[in-house]
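Novice: Structure in structure tokens, see below.
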Amino acid sequence: TFLLLNTHQLDGNTTWSSQVSVSLPASANNTSVDIRFLGESNDDDDEEGRVDDVSLEGTAVVKTDPTLSVTNSPQTYNGSAQSATVTGSVTGTVSDVKYNGSATVPTDAGTYAITADFVPTDTVNYNNLSDASAGNFVINKTDANIVVSGFNGTYDGNPHGLSGVATGVLSESLAGLVLGTSYTNVSSNTVEWTFTDVTGNYNDATGSANIDITPKDLNVTVTGVNKIYDGNTNATV
């Protein structure tokens, strides 16, 4: 709402004022408005201070709020701190960027609500912003490096299962890899493995590998025994 006050000298002794109040809708952003007041004509020629269609003009400029947005989202977790790039809808300076209310630039995967202060270059037509929302900055999870091997060998009486390791983007060892069932006897099996991330920065994963255990040859030793013929067909080995 704008208030326009005009004061005019009608004759040498009389001052006459007009006041106009104008309300504009929120959609009338950055709009110049002409405000006019026309005085009524006084037909009494003998009355001093006659007003004949006096036109009073003024201009009101409606300032608008610029908007802020994050322009580099999403990112992918890489083990390092990653900052949001915040820009305004008009030229200006962004400062005091916060992530879920904190000034600490985040490293972990997650969704962070971004706020910032903003001073537009054009302060005539645009308002300054303080702690204004710029949207969300997202750091997505990444895939862990998972290497799993099966087993292919001969029966030896021992249990055999999958072997493997899960590592992160900084080559750190990750917990959460489950390698499934082990087998001892001769068989051919497809074994499922699972990875369940416990850090919040890596995607869960599943896979499979084979465990093949083949028969082992039996060692047999045969020893013959000499015998004198006695009419029988029996022999001892």
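Here's how to read the names in the structure tokens: chain A, B, ... by the order shown, residue numbers from 1 in each chain, ligand numbers from 1 in the order shown.
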Please identify all polymer residues within 10 Å of A:Ser171, counting only C-alpha atoms, omitting same-chain residues fewer than 3 positions from it, and present them as an mmCIF file with N, CA and C atoms, in the first residue's frame.

Specialist:
```
data_model
loop_
_atom_site.group_PDB
_atom_site.id
_atom_site.type_symbol
_atom_site.label_atom_id
_atom_site.label_comp_id
_atom_site.auth_asym_id
_atom_site.auth_seq_id
_atom_site.Cartn_x
_atom_site.Cartn_y
_atom_site.Cartn_z
ATOM 1 N N ALA A 144 29.823 -48.753 -3.622
ATOM 2 C CA ALA A 144 31.058 -49.252 -3.028
ATOM 3 C C ALA A 144 31.788 -50.116 -4.053
ATOM 4 N N ASN A 145 33.090 -50.254 -3.878
ATOM 5 C CA ASN A 145 33.882 -51.146 -4.725
ATOM 6 C C ASN A 145 33.885 -52.525 -4.075
ATOM 7 N N ALA A 166 34.771 -55.213 0.556
ATOM 8 C CA ALA A 166 34.103 -53.992 0.103
ATOM 9 C C ALA A 166 34.941 -52.800 0.563
ATOM 10 N N THR A 167 35.237 -51.884 -0.366
ATOM 11 C CA THR A 167 36.010 -50.691 -0.033
ATOM 12 C C THR A 167 35.284 -49.451 -0.535
ATOM 13 N N GLY A 168 35.607 -48.305 0.079
ATOM 14 C CA GLY A 168 34.964 -47.046 -0.264
ATOM 15 C C GLY A 168 35.796 -46.187 -1.196
ATOM 16 N N LEU A 174 35.019 -51.329 4.175
ATOM 17 C CA LEU A 174 33.635 -51.106 4.577
ATOM 18 C C LEU A 174 33.047 -52.366 5.192
#
```

Novice: Got a sec: who's within 7 Å of A:Leu162, counting only C-alpha atoms, leaving out chain neighbours fewer than 5 positions off, as a ChimeraX atom specification?

Specialist: /A:148-151,179

Novice: Save out the residues we just selected, C-alpha atoms, as a short mmCIF file (atom, residue, chain, number, x, y, z; two decimals), in the first residue's frame.

Specialist:
```
data_model
loop_
_atom_site.label_atom_id
_atom_site.label_comp_id
_atom_site.auth_asym_id
_atom_site.auth_seq_id
_atom_site.Cartn_x
_atom_site.Cartn_y
_atom_site.Cartn_z
CA VAL A 148 33.76 -61.21 -4.55
CA SER A 149 35.31 -64.49 -5.70
CA GLY A 150 33.85 -67.98 -5.76
CA PHE A 151 35.61 -71.34 -5.25
CA LEU A 179 29.22 -63.77 1.74
#
```

Novice: In terms of the shortest atom-to-atom distance over only C-alpha atoms, which of A:Ala205, A:Ala84, A:Ala103, A:Leu129 is closest to A:Thr67?

Specialist: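 Result for the nearest residue to A:Thr67: A:Leu129.
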
Novice: Nearest residue to A:Gly207 out of A:Phe118, A:Phe137, A:Tyr229, A:Phe195, using only C-alpha atoms?

Specialist: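 Once distances to A:Gly207 are computed over only C-alpha atoms, the minimum belongs to A:Phe195.
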
Novice: For a quick check of understanding, using only C-alpha atoms, which of A:Leu68, A:Ala134, A:Ile211, A:Ile139 has the smallest distance to A:Ser89?

Specialist: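 Closest to A:Ser89 of all the choices is A:Leu68.
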
Novice: For A:Thr199, list every protein, DNA or RNA residue within 10 Å, evaluated using only C-alpha atoms, and leave out those in the same chain fewer than 3 positions away; present the list as an MDAnalysis selection string.

Specialist: chainID A and resid 108:109 174:176 196 202:203

Novice: Residues at most 7 Å from A:Thr107, counting only C-alpha atoms, excluding those fewer than 5 positions away in the same chain, as a PyMOL selection string?

Specialist: chain A and resi 79-82

Novice: Write the residues of the selection above to a file with C-alpha atoms, as a compact mmCIF listing (two decimals), in the first residue's frame.

Specialist:
```txt
# COMPACT_ATOMS: atom_id res chain seq x y z
CA GLY A 79 34.48 -38.42 0.63
CA SER A 80 35.16 -34.66 0.52
CA ALA A 81 33.12 -31.62 1.53
CA GLN A 82 30.92 -30.33 -1.32
```

Novice: List as a PyMOL selection string the protein and nucleic acid residues near A:Pro215, meaning an atom at most 6 Å away when only C-alpha atoms are counted, but skip any in the same chain fewer than 6 places from it.

Specialist: chain A and resi 154-155+186

Novice: Enumerate the residues of stretch 76-134 of chain A with a DSSP assignment of strand (DSSP E), computed from the backbone, and present them as a list in words.

Specialist: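 Here is the list: Thr76, Val86, Thr87, Gly88, Gly92, Thr93, Val94, Ser95, Asp96, Val97, Lys98, Tyr99, Gly110, Thr111, Tyr112, Ala113, Ile114, Thr115, Ala116, Asp117, Phe118, Val119, Pro120, Leu129, Ser130, Asp131, Ala132, Ser133 and Ala134 of chain A.
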
Novice: Which one of A:Ile146, A:Asn189, A:Asn158, A:Asp212 sits closest to A:Leu177 if you count only C-alpha atoms?

Specialist: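 Checking each of A:Ile146, A:Asn189, A:Asn158, A:Asp212 against A:Leu177, counting only C-alpha atoms, the winner is A:Ile146.
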